[in-house]
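Below is start.cif, which holds mmCIF, C-alpha atoms.
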```
data_input
#
loop_
_atom_site.label_atom_id
_atom_site.label_comp_id
_atom_site.auth_asym_id
_atom_site.auth_seq_id
_atom_site.Cartn_x
_atom_site.Cartn_y
_atom_site.Cartn_z
CA MET A 1352 7.12 3.40 8.51
CA GLN A 1353 10.08 5.25 10.00
CA LYS A 1354 11.31 2.01 11.52
CA SER A 1355 11.14 0.28 8.14
CA GLN A 1356 12.91 3.21 6.51
CA ALA A 1357 15.73 3.11 9.03
CA ARG A 1358 16.01 -0.63 8.62
CA PHE A 1359 16.16 -0.32 4.87
CA GLU A 1360 18.81 2.39 5.01
CA ARG A 1361 20.94 0.17 7.24
CA LEU A 1362 20.71 -2.62 4.69
CA VAL A 1363 21.60 -0.34 1.79
CA ASN A 1364 24.55 1.21 3.57
CA ALA A 1365 25.87 -2.13 4.77
CA LEU A 1366 25.29 -4.33 1.75
CA SER A 1367 25.02 -2.29 -1.45
CA SER A 1368 28.77 -2.48 -2.13
CA ASP A 1369 28.94 -6.26 -1.82
CA LEU A 1370 25.82 -6.61 -3.89
CA PHE A 1371 27.30 -4.45 -6.61
CA ARG A 1372 30.46 -6.56 -6.66
CA TYR A 1373 28.45 -9.73 -6.87
CA ALA A 1374 26.29 -8.23 -9.62
CA LEU A 1375 29.34 -7.12 -11.57
CA MET A 1376 30.84 -10.59 -11.38
CA LEU A 1377 27.56 -12.01 -12.65
CA CYS A 1378 26.93 -9.66 -15.55
CA ARG A 1379 30.41 -8.15 -16.12
CA ASN A 1380 28.91 -4.79 -16.93
CA ARG A 1381 29.02 -1.92 -14.44
CA ALA A 1382 25.88 -0.14 -15.64
CA MET A 1383 23.87 -3.32 -15.65
CA ALA A 1384 25.33 -4.30 -12.29
CA GLU A 1385 24.11 -1.03 -10.77
CA ASP A 1386 20.68 -1.52 -12.32
CA LEU A 1387 20.56 -5.00 -10.83
CA VAL A 1388 21.48 -3.70 -7.39
CA GLN A 1389 18.90 -0.93 -7.62
CA GLU A 1390 16.18 -3.34 -8.69
CA THR A 1391 17.16 -5.79 -5.96
CA PHE A 1392 16.84 -3.14 -3.28
CA MET A 1393 13.54 -1.86 -4.69
CA ARG A 1394 12.20 -5.39 -4.48
CA ALA A 1395 13.61 -5.69 -0.97
CA TRP A 1396 11.87 -2.47 0.01
CA ARG A 1397 8.54 -3.73 -1.23
CA PHE A 1398 8.88 -7.01 0.63
CA LEU A 1399 10.88 -5.86 3.63
CA ASP A 1400 8.37 -7.38 6.04
CA ALA A 1401 9.24 -10.81 4.67
CA LEU A 1402 12.74 -10.47 6.11
CA ARG A 1403 12.34 -11.70 9.67
CA ASP A 1404 15.95 -12.47 10.51
CA GLU A 1405 18.38 -9.62 9.93
CA LYS A 1406 21.27 -12.08 9.78
CA LYS A 1407 19.83 -13.55 6.62
CA ALA A 1408 19.58 -10.18 4.90
CA LYS A 1409 22.72 -10.62 2.84
CA SER A 1410 21.84 -14.06 1.48
CA TRP A 1411 18.26 -12.90 0.92
CA LEU A 1412 19.44 -9.93 -1.12
CA MET A 1413 22.01 -11.93 -3.04
CA THR A 1414 19.44 -14.57 -3.91
CA THR A 1415 17.06 -11.82 -5.00
CA LEU A 1416 19.77 -10.24 -7.12
CA ARG A 1417 20.67 -13.55 -8.68
CA ARG A 1418 17.04 -14.22 -9.59
CA GLU A 1419 16.67 -10.72 -10.95
CA PHE A 1420 19.75 -11.24 -13.07
CA ALA A 1421 18.36 -14.53 -14.35
CA ARG A 1422 15.04 -12.84 -15.13
CA GLN A 1423 16.66 -9.97 -16.99
CA PHE A 1424 19.16 -12.19 -18.73
CA GLU A 1425 16.33 -14.42 -19.87
CA ARG A 1426 14.61 -11.62 -21.78
CA TYR A 1427 17.66 -9.67 -22.82
CA GLN A 1428 21.15 -10.94 -23.41
CA PRO A 1429 23.58 -8.05 -23.68
CA PRO A 1430 26.68 -8.67 -25.75
CA PHE A 1431 29.11 -9.29 -22.95
CA ASP A 1432 32.68 -8.72 -23.88
CA ASP A 1433 34.27 -8.55 -20.45
CA VAL A 1434 35.15 -4.93 -21.14
CA ASP A 1435 34.29 -3.66 -17.67
CA LEU A 1436 36.14 -6.32 -15.81
CA GLU A 1437 39.05 -5.91 -18.17
CA GLN A 1438 39.05 -2.19 -17.51
CA ILE A 1439 38.98 -2.77 -13.81
CA ALA A 1440 41.77 -5.24 -14.18
CA ALA A 1441 43.77 -2.72 -16.22
CA ASP A 1442 43.77 -0.25 -13.36
CA ASN A 1443 47.50 0.27 -12.85
CA SER A 1444 47.03 1.33 -9.25
CA VAL A 1445 46.20 -2.20 -8.14
CA ASN A 1446 48.61 -4.93 -7.18
CA PRO A 1447 49.75 -6.88 -10.31
CA GLU A 1448 48.60 -10.09 -8.66
CA VAL A 1449 45.17 -8.66 -8.06
CA TRP A 1450 45.09 -7.45 -11.65
CA ALA A 1451 45.96 -10.92 -12.90
CA VAL A 1452 43.33 -12.58 -10.73
CA ARG A 1453 40.68 -10.14 -11.96
CA ARG A 1454 41.53 -10.96 -15.56
CA GLY A 1455 41.39 -14.61 -14.64
CA LEU A 1456 38.00 -14.16 -13.05
CA ALA A 1457 36.68 -12.47 -16.19
CA LYS A 1458 37.72 -15.47 -18.22
CA LEU A 1459 36.23 -18.08 -15.91
CA PRO A 1460 33.06 -19.86 -17.05
CA ASP A 1461 30.03 -18.07 -15.57
CA LYS A 1462 28.93 -20.89 -13.30
CA TYR A 1463 32.37 -21.25 -11.78
CA ARG A 1464 32.86 -17.54 -11.31
CA GLU A 1465 29.46 -17.16 -9.69
CA ALA A 1466 30.08 -19.88 -7.12
CA LEU A 1467 33.54 -18.61 -6.30
CA VAL A 1468 32.52 -14.96 -5.99
CA LEU A 1469 29.50 -15.85 -3.89
CA GLN A 1470 31.74 -17.69 -1.49
CA VAL A 1471 34.37 -14.96 -1.35
CA ILE A 1472 31.92 -12.07 -0.96
CA GLY A 1473 29.37 -13.79 1.22
CA GLY A 1474 31.63 -16.12 3.16
CA TYR A 1475 28.99 -18.83 2.91
CA SER A 1476 29.45 -22.48 3.70
CA GLY A 1477 28.91 -25.15 1.08
CA ALA A 1478 25.49 -25.95 2.52
CA GLU A 1479 24.41 -22.31 2.49
CA MET A 1480 25.56 -21.85 -1.07
CA ALA A 1481 23.81 -25.03 -2.17
CA LYS A 1482 20.59 -23.57 -0.82
CA MET A 1483 21.12 -20.18 -2.44
CA LEU A 1484 22.10 -21.61 -5.80
CA GLU A 1485 19.45 -24.31 -5.60
CA LEU A 1486 22.00 -26.96 -6.40
CA PRO A 1487 23.20 -30.15 -4.71
CA ARG A 1488 26.07 -29.47 -2.34
CA ALA A 1489 28.32 -31.79 -4.32
CA THR A 1490 27.71 -29.68 -7.43
CA VAL A 1491 28.58 -26.52 -5.54
CA ASN A 1492 31.77 -28.10 -4.23
CA THR A 1493 32.68 -29.21 -7.72
CA ARG A 1494 32.18 -25.71 -9.08
CA LEU A 1495 34.28 -24.18 -6.33
CA PHE A 1496 36.99 -26.73 -6.86
CA ARG A 1497 37.08 -26.19 -10.60
CA ALA A 1498 36.84 -22.42 -10.27
CA ARG A 1499 39.98 -22.27 -8.16
CA GLN A 1500 41.66 -24.89 -10.24
CA GLU A 1501 40.92 -23.09 -13.52
CA LEU A 1502 41.83 -19.74 -12.08
CA ARG A 1503 45.19 -21.08 -11.07
CA GLN A 1504 45.61 -22.60 -14.52
CA ILE A 1505 44.71 -19.29 -16.15
CA LEU A 1506 47.23 -17.55 -13.98
CA GLU A 1507 49.84 -20.17 -14.65
CA SER A 1508 49.28 -19.93 -18.42
CA SER A 1509 49.98 -16.22 -18.34
CA ASP A 1510 53.10 -14.48 -17.23
CA GLU A 1511 51.22 -11.63 -15.59
CA ALA A 1512 51.49 -12.69 -12.01
CA PRO A 1513 54.48 -14.84 -11.36
CA ALA A 1514 54.15 -14.52 -7.60
CA VAL A 1515 50.66 -15.93 -7.58
CA LYS A 1516 51.46 -18.50 -10.23
CA GLN A 1517 54.28 -19.86 -8.17
CA GLY A 1518 52.41 -19.47 -4.90
CA ARG A 1519 54.99 -17.06 -3.49
CA ARG A 1520 54.47 -13.73 -1.78
CA PRO A 1521 55.68 -10.79 -3.84
CA MET B 654 41.55 -37.40 5.93
CA ASN B 655 44.26 -38.12 3.39
CA CYS B 656 46.22 -35.60 1.30
CA ILE B 657 43.89 -35.82 -1.70
CA GLU B 658 40.85 -35.14 0.42
CA PHE B 659 42.72 -32.34 2.16
CA ARG B 660 43.76 -30.67 -1.12
CA ARG B 661 40.22 -31.00 -2.48
CA MET B 662 38.80 -29.32 0.59
CA LEU B 663 41.44 -26.62 0.35
CA LEU B 664 40.03 -25.75 -3.06
CA THR B 665 36.40 -25.89 -2.04
CA GLU B 666 36.36 -24.47 1.48
CA PRO B 667 39.79 -23.05 2.24
CA GLY B 668 38.50 -21.38 5.38
CA GLY B 669 36.91 -24.57 6.64
CA THR B 670 37.13 -25.41 10.34
CA ASP B 671 36.65 -29.13 9.98
CA ALA B 672 38.48 -31.02 12.74
CA ALA B 673 39.89 -33.65 10.37
CA PHE B 674 41.12 -30.87 8.09
CA ALA B 675 42.93 -29.16 10.97
CA GLU B 676 44.40 -32.44 12.18
CA HIS B 677 45.78 -33.34 8.75
CA ARG B 678 47.29 -29.87 8.39
CA ARG B 679 49.17 -30.34 11.67
CA SER B 680 50.42 -33.77 10.69
CA CYS B 681 51.38 -33.16 7.02
CA PRO B 682 54.11 -30.56 6.29
CA GLU B 683 53.47 -30.58 2.52
CA CYS B 684 49.75 -29.92 2.96
CA ALA B 685 50.55 -27.25 5.57
CA GLU B 686 52.70 -25.52 2.96
CA ALA B 687 49.82 -25.77 0.47
CA VAL B 688 47.64 -24.02 3.04
CA GLU B 689 50.16 -21.18 3.20
CA ARG B 690 50.09 -20.80 -0.58
CA SER B 691 46.33 -21.01 -0.55
CA ALA B 692 46.04 -18.32 2.12
CA HIS B 693 48.04 -15.93 -0.03
CA PHE B 694 45.93 -16.77 -3.09
CA GLU B 695 42.69 -16.26 -1.12
CA ARG B 696 43.88 -12.85 0.06
CA ILE B 697 44.61 -11.82 -3.54
CA LEU B 698 41.29 -13.29 -4.64
CA ARG B 699 39.39 -11.27 -2.01
CA GLU B 700 41.17 -8.13 -3.12
CA ALA B 701 40.42 -8.90 -6.78
CA VAL B 702 36.74 -9.32 -6.06
CA ASN B 703 36.74 -6.11 -4.06
CA VAL B 704 36.21 -3.98 -7.19
CA PRO B 705 35.54 -0.23 -6.92
CA VAL B 706 31.89 0.59 -6.31
CA PRO B 707 30.21 3.50 -8.15
CA GLU B 708 30.28 6.68 -6.13
CA HIS B 709 27.13 7.46 -4.16
CA LEU B 710 25.59 4.10 -5.02
CA ALA B 711 23.79 3.88 -1.68
CA SER B 712 22.47 7.44 -2.04
CA ARG B 713 21.08 6.70 -5.47
CA ILE B 714 19.37 3.56 -4.20
CA LEU B 715 17.79 5.49 -1.34
CA LEU B 716 16.71 8.25 -3.69
CA LYS B 717 15.03 5.76 -5.99
CA GLN B 718 13.44 4.04 -3.03
CA SER B 719 11.92 7.34 -1.89
CA PHE B 720 9.73 7.25 -5.00
CA GLN B 721 8.73 3.63 -4.60
CA PRO B 722 5.50 2.38 -3.04
CA ARG B 723 5.94 -0.31 -0.49
CA ARG B 724 3.96 -3.49 -0.08
CA GLU B 725 2.32 -3.22 3.28
CA SER B 726 2.34 -5.84 5.97
CA PRO B 727 -0.64 -8.14 6.44
CA TRP B 728 -1.53 -6.12 9.52
CA TRP B 729 -1.70 -2.97 7.49
CA ARG B 730 -3.53 -4.72 4.70
CA THR B 731 -6.04 -6.03 7.21
CA ARG B 732 -6.49 -2.61 8.73
CA ARG B 733 -6.90 -1.09 5.30
CA ALA B 734 -9.43 -3.78 4.42
CA TYR B 735 -11.36 -3.02 7.59
CA ALA B 736 -11.19 0.68 6.84
CA LEU B 737 -12.39 0.06 3.30
CA ALA B 738 -15.21 -2.16 4.51
CA ALA B 739 -16.17 0.40 7.13
CA GLY B 740 -16.15 3.09 4.45
CA VAL B 741 -18.36 1.01 2.18
CA LEU B 742 -20.74 0.31 5.04
CA LEU B 743 -20.78 3.98 5.96
CA VAL B 744 -21.57 4.98 2.39
CA MET B 745 -24.24 2.28 2.19
CA GLY B 746 -25.65 3.38 5.52
CA LEU B 747 -25.74 7.02 4.53
CA SER B 748 -27.22 6.11 1.17
CA PHE B 749 -29.86 4.03 2.90
CA ILE B 750 -30.65 6.85 5.29
CA ALA B 751 -30.78 9.35 2.45
CA LEU B 752 -32.89 7.02 0.34
CA SER B 753 -35.06 6.17 3.28
CA GLY B 754 -35.47 9.85 4.09
CA HIS B 755 -36.26 10.58 0.48
CA LEU B 756 -38.88 7.85 0.34
CA GLN B 757 -40.35 8.93 3.65
CA GLN B 758 -40.56 12.52 2.42
CA ARG B 759 -42.13 11.40 -0.83
CA ARG B 760 -44.69 9.33 1.03
CA LEU B 761 -45.49 12.25 3.31
CA SER B 762 -45.98 14.52 0.31
CA GLU B 763 -48.34 11.99 -1.25
CA GLU B 764 -50.23 11.73 2.01
CA PHE B 765 -50.75 15.50 2.23
CA VAL B 766 -51.83 15.71 -1.40
CA ALA B 767 -54.23 12.81 -0.79
CA LEU B 768 -55.67 14.65 2.19
CA ILE B 769 -56.25 17.76 0.10
CA ASN B 770 -57.84 15.75 -2.69
CA GLY B 771 -59.94 13.88 -0.12
CA ALA B 772 -61.47 17.13 1.14
CA PRO B 773 -62.31 19.17 -2.00
CA TYR B 774 -64.87 21.16 -0.06
CA ALA B 775 -62.07 22.72 1.96
CA LEU B 776 -60.63 24.25 -1.17
CA THR B 777 -63.91 25.50 -2.52
CA ALA B 778 -65.04 27.18 0.69
CA ASN B 779 -64.81 30.91 0.27
CA GLN B 780 -66.36 32.25 3.45
CA ALA B 781 -64.02 33.94 5.89
CA VAL B 782 -63.53 31.98 9.12
CA SER B 783 -63.24 33.94 12.36
CA SER B 784 -60.55 33.44 14.98
CA SER B 785 -62.98 31.87 17.41
CA GLU B 786 -64.12 29.40 14.79
CA ILE B 787 -60.56 28.56 14.04
CA SER B 788 -59.84 27.98 17.71
CA ALA B 789 -62.93 25.87 18.08
CA ALA B 790 -61.93 23.77 15.10
CA LEU B 791 -58.38 23.27 16.28
CA GLU B 792 -58.98 22.78 19.97
CA PRO B 793 -59.86 19.05 19.71
CA ALA B 794 -56.55 18.56 17.98
CA GLY B 795 -54.81 20.11 20.97
CA LEU B 796 -53.63 23.28 19.30
CA ASP B 797 -54.58 26.88 18.72
CA LEU B 798 -53.53 29.90 16.75
CA GLU B 799 -52.76 33.20 18.42
CA GLY B 800 -53.14 36.02 16.01
CA SER B 801 -54.01 36.14 12.34
CA ILE B 802 -52.35 33.92 9.80
CA GLY B 803 -54.22 35.39 6.82
CA ASP B 804 -57.62 35.10 5.18
CA VAL B 805 -58.73 31.69 6.41
CA THR B 806 -61.59 30.17 4.43
CA PHE B 807 -61.66 26.75 6.05
CA ALA B 808 -60.77 25.45 9.51
CA GLY B 809 -61.33 21.82 10.35
CA ARG B 810 -59.64 18.61 11.37
CA CYS B 811 -58.24 15.55 9.68
CA ILE B 812 -56.30 12.47 10.60
CA VAL B 813 -52.63 12.48 9.69
CA ARG B 814 -50.82 9.24 10.48
CA GLY B 815 -53.40 8.39 13.05
CA LYS B 816 -53.15 11.76 14.74
CA LEU B 817 -56.03 14.23 14.85
CA SER B 818 -54.62 17.31 13.23
CA GLY B 819 -55.65 20.79 12.22
CA HIS B 820 -56.61 21.49 8.63
CA ILE B 821 -56.75 25.11 7.52
CA VAL B 822 -57.18 26.70 4.11
CA LEU B 823 -56.41 30.33 3.40
CA LYS B 824 -56.51 32.49 0.37
CA GLY B 825 -53.41 32.62 -1.72
CA ASP B 826 -52.36 34.95 -4.49
CA THR B 827 -53.41 32.52 -7.20
CA ALA B 828 -55.10 29.60 -5.44
CA PRO B 829 -55.99 28.37 -1.96
CA ILE B 830 -53.17 27.50 0.42
CA THR B 831 -53.60 24.48 2.69
CA VAL B 832 -52.00 24.21 6.12
CA PHE B 833 -51.84 21.03 8.15
CA LEU B 834 -50.92 21.25 11.81
CA ILE B 835 -49.90 17.88 13.26
CA GLY B 836 -49.19 17.33 16.93
CA ASP B 837 -46.47 14.71 16.21
CA ALA B 838 -42.97 15.30 14.96
CA LEU B 839 -43.14 13.72 11.52
CA VAL B 840 -39.97 15.27 10.23
CA SER B 841 -36.72 16.27 11.83
CA ASP B 842 -35.73 18.84 9.22
CA ARG B 843 -37.39 21.22 6.88
CA ALA B 844 -38.25 19.59 3.55
CA THR B 845 -39.96 20.63 0.38
CA ILE B 846 -43.09 19.02 -1.00
CA ARG B 847 -43.53 18.64 -4.72
CA SER B 848 -46.24 17.01 -6.77
CA ASP B 849 -47.90 17.67 -10.09
CA ASN B 850 -50.35 20.16 -8.66
CA TYR B 851 -48.81 21.26 -5.41
CA SER B 852 -45.62 22.54 -4.00
CA GLY B 853 -44.95 23.33 -0.41
CA VAL B 854 -42.97 22.73 2.67
CA VAL B 855 -43.09 20.53 5.72
CA LEU B 856 -41.16 21.54 8.81
CA PRO B 857 -40.85 20.67 12.46
CA GLN B 858 -42.26 23.18 14.88
CA GLY B 859 -41.98 22.60 18.59
CA SER B 860 -43.18 19.10 19.29
CA GLY B 861 -45.29 19.02 16.13
CA THR B 862 -45.21 19.47 12.41
CA ILE B 863 -46.46 22.12 10.03
CA ALA B 864 -47.16 21.38 6.37
CA ILE B 865 -48.06 24.16 3.93
CA LEU B 866 -49.06 23.41 0.35
CA GLY B 867 -50.11 25.68 -2.47
CA SER B 868 -50.15 25.81 -6.21
CA PRO B 869 -46.75 25.67 -7.85
CA GLY B 870 -45.35 29.19 -7.95
CA GLU B 871 -47.37 30.35 -4.97
CA THR B 872 -45.34 32.35 -2.46
CA LEU B 873 -45.59 30.53 0.86
CA GLU B 874 -42.91 32.23 2.94
CA ASP B 875 -45.21 34.82 4.47
CA VAL B 876 -47.82 32.23 5.37
CA GLU B 877 -45.16 30.04 6.89
CA ALA B 878 -43.83 32.88 9.00
CA ARG B 879 -47.29 33.78 10.25
CA VAL B 880 -48.26 30.19 11.05
CA ARG B 881 -45.04 29.54 12.90
CA SER B 882 -45.54 32.63 14.90
CA ALA B 883 -49.16 31.94 15.72
CA ILE B 884 -49.22 28.21 16.40
CA ARG B 885 -49.62 27.08 20.00
CA TRP B 886 -49.37 23.41 20.85
CA ALA B 887 -51.42 22.33 23.82
CA PRO B 888 -49.45 20.75 26.69
CA THR B 889 -51.36 17.55 26.19
CA GLN B 890 -52.33 16.83 22.70
CA GLY B 891 -55.18 14.39 22.51
CA ALA B 892 -56.18 12.38 19.53
#
```
Can you present the structure in this file as structure tokens?
Amino acid sequence: MQKSQARFERLVNALSSDLFRYALMLCRNRAMAEDLVQETFMRAWRFLDALRDEKKAKSWLMTTLRREFARQFERYQPPFDDVDLEQIAADNSVNPEVWAVRRGLAKLPDKYREALVLQVIGGYSGAEMAKMLELPRATVNTRLFRARQELRQILESSDEAPAVKQGRRP
Amino acid sequence: MNCIEFRRMLLTEPGGTDAAFAEHRRSCPECAEAVERSAHFERILREAVNVPVPEHLASRILLKQSFQPRRESPWWRTRRAYALAAGVLLVMGLSFIALSGHLQQRRLSEEFVALINGAPYALTANQAVSSSEISAALEPAGLDLEGSIGDVTFAGRCIVRGKLSGHIVLKGDTAPITVFLIGDALVSDRATIRSDNYSGVVLPQGSGTIAILGSPGETLEDVEARVRSAIRWAPTQGA
């Protein structure tokens, strides 16, 4: 029991931040994102024995979170208005380029944003993401391609981040 | 890999380590410059995704977890199942023993009552029996009484579970009291005897058994104490 507890605490301390970021990018609401992370870890705690390989913990948790989000979203669709991501983006302390990219992310279609964020946060290969998203690898690649492409277009259509738009360092 | 394939891969897996990707980057200055731009964009993208996390998120998760039950491993489930099965068997076993003991006690009570009813003359005898007569009556059963146990009106023998046993009747406050002295240990603990017309007690004594029955409400404690004190089992108890 103590061994399981220590193992669980390691997972929480190491992965809760990334899981929250992934959850926020999925649902765009900080309160719901935290609920998703909490529920994901509670589920992980109940089924901790099923996790044999510690290296797969992150993808296991992210897949769990994604399914939990799908389950909750299926029965309740909150009126998303991108407020939280907008607020985060409006934080004046961040780099203007980062601010612009966050606003761009908020405006991306869900399926593109999810693929892109999963890759950025998890660092997964196309094959790994295809498995996690339960999609053909070609579909995943297409989503990643279009996500970056649309994000660049969004940035280019605004005048908020000229450095990024033009591909130059500030 | 041509430039189109290279640019497509740059947008799908910018951190890719594909050999053809690396080779094209070395050989194509324009695509190499695109990689530079992409690297900067990816750094900004990572920073953008790196949104602030609620304070004490991990602590709140661990707090919530502390109230959560956990699904146990198959090993634990198996052990719990064994423990549960063992518990059920134990309860069944104890119930069987208790029931068995209860039935055995009930049968014994019925046997003693049947013995009393089978010898009505013992209850109706009203002549005092001397100590020597008592000893003479009990001797074949391999036992004797030392000292008085009360006003004995009958001393004889009977067969209890195939064992020749002593059968004594003494005067009670309201009705005759019957005492059976059996050379075998029929019970391991003291038990009460109840029937419509009799109440009493059966108890182990030495290597044998004493049963005392009287009318309901009859005080038997004094008789019991005297019998227990007086009874002497012979070293060899013959049938």
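Taking CA of Pro682 in chain B and CA of Arg696 in chain B as the two end points, the separation is 21.4 Å.
Near Leu1469 in chain A, within 9 Å and counting all atoms listed in the file, sit Tyr1373, Met1413, Arg1464, Glu1465, Gly1473, Gly1474, Tyr1475 and Met1480 of chain A; same-chain residues fewer than 4 positions away were not included.
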#### Entry: Residues matched by the PyMOL selection byres ((chain B) within 12 of (chain A)) as an NGL selection string
:B and (658 or 660-671 or 686-729)
Suppose we keep C-alpha atoms; can you now write the selection as a CSV table (one decimal), in the coordinates of the input?
```
chain,number,residue,atom,x,y,z
B,658,GLU,CA,40.8,-35.1,0.4
B,660,ARG,CA,43.8,-30.7,-1.1
B,661,ARG,CA,40.2,-31.0,-2.5
B,662,MET,CA,38.8,-29.3,0.6
B,663,LEU,CA,41.4,-26.6,0.4
B,664,LEU,CA,40.0,-25.8,-3.1
B,665,THR,CA,36.4,-25.9,-2.0
B,666,GLU,CA,36.4,-24.5,1.5
B,667,PRO,CA,39.8,-23.0,2.2
B,668,GLY,CA,38.5,-21.4,5.4
B,669,GLY,CA,36.9,-24.6,6.6
B,670,THR,CA,37.1,-25.4,10.3
B,671,ASP,CA,36.6,-29.1,10.0
B,686,GLU,CA,52.7,-25.5,3.0
B,687,ALA,CA,49.8,-25.8,0.5
B,688,VAL,CA,47.6,-24.0,3.0
B,689,GLU,CA,50.2,-21.2,3.2
B,690,ARG,CA,50.1,-20.8,-0.6
B,691,SER,CA,46.3,-21.0,-0.6
B,692,ALA,CA,46.0,-18.3,2.1
B,693,HIS,CA,48.0,-15.9,0.0
B,694,PHE,CA,45.9,-16.8,-3.1
B,695,GLU,CA,42.7,-16.3,-1.1
B,696,ARG,CA,43.9,-12.8,0.1
B,697,ILE,CA,44.6,-11.8,-3.5
B,698,LEU,CA,41.3,-13.3,-4.6
B,699,ARG,CA,39.4,-11.3,-2.0
B,700,GLU,CA,41.2,-8.1,-3.1
B,701,ALA,CA,40.4,-8.9,-6.8
B,702,VAL,CA,36.7,-9.3,-6.1
B,703,ASN,CA,36.7,-6.1,-4.1
B,704,VAL,CA,36.2,-4.0,-7.2
B,705,PRO,CA,35.5,-0.2,-6.9
B,706,VAL,CA,31.9,0.6,-6.3
B,707,PRO,CA,30.2,3.5,-8.2
B,708,GLU,CA,30.3,6.7,-6.1
B,709,HIS,CA,27.1,7.5,-4.2
B,710,LEU,CA,25.6,4.1,-5.0
B,711,ALA,CA,23.8,3.9,-1.7
B,712,SER,CA,22.5,7.4,-2.0
B,713,ARG,CA,21.1,6.7,-5.5
B,714,ILE,CA,19.4,3.6,-4.2
B,715,LEU,CA,17.8,5.5,-1.3
B,716,LEU,CA,16.7,8.2,-3.7
B,717,LYS,CA,15.0,5.8,-6.0
B,718,GLN,CA,13.4,4.0,-3.0
B,719,SER,CA,11.9,7.3,-1.9
B,720,PHE,CA,9.7,7.2,-5.0
B,721,GLN,CA,8.7,3.6,-4.6
B,722,PRO,CA,5.5,2.4,-3.0
B,723,ARG,CA,5.9,-0.3,-0.5
B,724,ARG,CA,4.0,-3.5,-0.1
B,725,GLU,CA,2.3,-3.2,3.3
B,726,SER,CA,2.3,-5.8,6.0
B,727,PRO,CA,-0.6,-8.1,6.4
B,728,TRP,CA,-1.5,-6.1,9.5
B,729,TRP,CA,-1.7,-3.0,7.5
```
### Message
Once the PyMOL selection byres ((chain B and resi 841) around 12) is applied to the coordinates I shared, what remains selected? I want it as an NGL selection string.
### Response
:B and (754 or 757-758 or 837-840 or 842-844 or 855-863)
### Task
To verify the selection step, state as a ChimeraX atom specification which residues the PyMOL selection byres ((chain B and resi 786-802) around 8) yields on this input.
/B:782-785,803-805,808-810,817-819,836,876,879-880,883-892
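The spacing separating CA of Glu1479 in chain A from CA of Ala675 in chain B amounts to 21.5 Å.
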Kindly provide, as JSON, the centre and edge lengths (Å, one decimal) of an axis-aligned box around all atoms of range 775-783 of chain B given in the file, with 6 Å on each side.
```
{"center_x": -63.5, "center_y": 28.3, "center_z": 4.9, "size_x": 17.7, "size_y": 23.2, "size_z": 26.9}
```
Taking 3 positions as the minimum chain separation for residues in the same chain, which residues sit within 7 Å of Phe807 in chain B when counting only C-alpha atoms? Answer as a PDB file with C-alpha atoms, in the frame of the given file.
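Full text of out.pdb as output:
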```pdb
ATOM      1  CA  ALA B 775     -62.070  22.720   1.960  1.00  0.00           C
ATOM      2  CA  ALA B 778     -65.040  27.180   0.690  1.00  0.00           C
ATOM      3  CA  VAL B 782     -63.530  31.980   9.120  1.00  0.00           C
ATOM      4  CA  ILE B 821     -56.750  25.110   7.520  1.00  0.00           C
ATOM      5  CA  VAL B 822     -57.180  26.700   4.110  1.00  0.00           C
ATOM      6  CA  LEU B 823     -56.410  30.330   3.400  1.00  0.00           C
TER       7      LEU B 823
END
```
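Between CA of Ile835 in chain B and CA of Val813 in chain B there is a distance of 7.0 Å.
For the residues A:Cys1378, A:Gln1504, A:Thr1490, A:Leu1459, ranking by smallest atom-to-atom distance to Glu1419 in chain A using only C-alpha atoms places A:Cys1378 first.
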